[in-house]
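Reading through the structure tokens given below for one structure.
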Amino acid sequence: MLLVTGCSGPSAKYFFEKLSQNNYKHPIRCIVRKSSNIEHLKKYDLDLSFVYGDMSDVVFLANSMKDIEVVLHIANIKFSQNIVNAGSKVGVSWFICVHTAAVYSKYEQLSSNYISIEKSLLTNRSQITILRPSLIYGTGEDPLTGGDKKRDRKIWKIIKFIQKYNYFFVFGSGKTLLQPVHCKDLGEAYYSVLLNKKNTIGKNYNLSGRNKISYLSMIKTISNYLEKKIIIIHIPIWLSFIIVKVLNIIPVINISINTEQIVRMNEDRVFSWQKANKDFSYSPLTFEEGVKMEIDKYLNKT
């Protein structure tokens, strides 16, 4: 039996769609919060059951994973150690853990916690497959109206801002290289990994988008698809950091940018996905293909 965490998230949606399209008939147990919106999951022709609880509760986790053979952990990386420790005690044989490519950050204050979590899993490494997505996009939802409000909204917010205004702020030069990955590619990757246990167990993979693109080119691509002419205003990184830090401590001001994002504007975030292609035929969309899908969804909602 398969257990999935993070079931209400956008990449999980594409994973369940892939299972349904391929007539997956095995039972699936989903760990969800009581506040999670799971109505969309009921449309799939899948044998789903739900358990409600807190993943920081190891007793709850152990009880949830009884009779489970495989765990697909899509929810927050901070729960990975609890998931693996509790699951190992009740006989789970394989953990597929979705982590983050931020583990590679040159800034220790950003990567150290992720590195520490992955090191804590070393004793069980032969049972674990780690997937590390790069910058994720492709939610197709406004964070104010539904879905997981804590993740994967950066591109959606950029689209909204450019559609609404005739200018856009770029922190630094905008030459930083990125490799955004669409949620559809992630969901399909989870499915492919599930079918290729022999090739993937005990290994780790980068799940990035097909092509490298500068932040500035990304903004221009979005504005071109929206047919919007915008003025790009560059703000030095040092000044951006100060502004964002100050705004984040003012309670009445709610901004969608944090200092971590500003700091990472100084480093390229590009990662090879060729190992994933070799082991389970991972073949992601280009940014141009993926963001066009996202913009079409956005325009159909407005």
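Labels used: A, B, ... for chains in the order of the structure tokens, numbers from 1 for residues in each chain, and numbers from 1 for ligands as shown.
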Surrounding residues of stretch 155-161 of chain A excluding itself and chain neighbours under 3 positions, 7 Å, only C-alpha atoms, as a ChimeraX atom specification: /A:137,164-165,222
Could you build a table of the residues in stretch 119-188 of chain A lying no more than 8 Å from stretch 265-278 of chain A, giving for each the nearest pair of atoms and their separation in Å rounded to one decimal place, using only C-alpha atoms, ordered by chain and ascending residue number, as a Markdown table?
| residue | atom | partner | partner_atom | distance |
| --- | --- | --- | --- | --- |
| A:Ser134 | CA | A:Arg269 | CA | 7.4 |
| A:Phe171 | CA | A:Met265 | CA | 7.1 |
| A:Gly172 | CA | A:Met265 | CA | 7.2 |
| A:Gly174 | CA | A:Met265 | CA | 7.8 |
| A:Thr176 | CA | A:Asp268 | CA | 5.1 |
| A:Leu177 | CA | A:Asp268 | CA | 4.7 |
| A:Leu178 | CA | A:Arg269 | CA | 4.9 |
| A:Gln179 | CA | A:Val270 | CA | 5.3 |
Now that the selection is made, can you save its residues with C-alpha atoms as a PDB file, in the first residue's frame?
ATOM      1  CA  SER A 134      14.410  23.668  -8.080  1.00  0.00           C
ATOM      2  CA  PHE A 171      16.536  43.058  -7.169  1.00  0.00           C
ATOM      3  CA  GLY A 172      20.092  43.327  -8.447  1.00  0.00           C
ATOM      4  CA  GLY A 174      18.590  40.171 -12.874  1.00  0.00           C
ATOM      5  CA  THR A 176      21.062  35.262 -11.989  1.00  0.00           C
ATOM      6  CA  LEU A 177      20.354  31.989 -13.789  1.00  0.00           C
ATOM      7  CA  LEU A 178      17.371  29.890 -12.718  1.00  0.00           C
ATOM      8  CA  GLN A 179      15.878  26.575 -13.795  1.00  0.00           C
TER       9      GLN A 179
END
Selection: 10 Å around A:Ile230, only C-alpha atoms, excl. self and same-chain fewer than 4 positions, as a PyMOL selection string: chain A and resi 162-163+165-168+219-220+223-224
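The set of residues in stretch 203-279 of chain A assigned to strand (DSSP E) by DSSP, using only backbone atoms of this structure, is Asn204, Tyr205, Asn206, Leu207, Ile213, Ser214, Ile231, Ile232, Ile233, His234 and Ile235 of chain A.
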Minimum-distance residue to A:Lys78, chosen among A:Thr139, A:Ile117, A:Val59, A:Trp94 (using only C-alpha atoms): A:Ile117
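Residue nearest A:Cys183, chosen from A:Ile74, A:Ile262, A:Ile233, A:Leu195 and counting only C-alpha atoms: A:Ile74.
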A:Gly187, A:Gly209, A:Gly202, A:Gly6 ranked by distance to A:Phe79, top pick (using only C-alpha atoms): A:Gly6
Contacts of A:Arg132 at 6 Å (only C-alpha atoms; same-chain gap of 2+ positions) as a list in words: His99, Thr100, Ala101, Asn206 and Leu207 of chain A
Print the selection's residues with N, CA and C atoms to a file, as a PDB file, in the first residue's frame.
ATOM      1  N   HIS A  99      12.436  16.878  -1.313  1.00  0.00           N
ATOM      2  CA  HIS A  99      13.152  17.882  -0.535  1.00  0.00           C
ATOM      3  C   HIS A  99      13.307  19.168  -1.346  1.00  0.00           C
ATOM      4  N   THR A 100      14.484  19.725  -1.443  1.00  0.00           N
ATOM      5  CA  THR A 100      14.665  20.992  -2.141  1.00  0.00           C
ATOM      6  C   THR A 100      16.096  21.142  -2.642  1.00  0.00           C
ATOM      7  N   ALA A 101      16.239  21.772  -3.797  1.00  0.00           N
ATOM      8  CA  ALA A 101      17.570  22.055  -4.335  1.00  0.00           C
ATOM      9  C   ALA A 101      18.267  23.159  -3.561  1.00  0.00           C
ATOM     10  N   ASN A 206      18.068  15.588  -8.895  1.00  0.00           N
ATOM     11  CA  ASN A 206      17.626  16.960  -9.095  1.00  0.00           C
ATOM     12  C   ASN A 206      16.451  16.948 -10.060  1.00  0.00           C
ATOM     13  N   LEU A 207      15.397  17.674  -9.700  1.00  0.00           N
ATOM     14  CA  LEU A 207      14.249  17.832 -10.591  1.00  0.00           C
ATOM     15  C   LEU A 207      14.132  19.313 -10.945  1.00  0.00           C
TER      16      LEU A 207
END
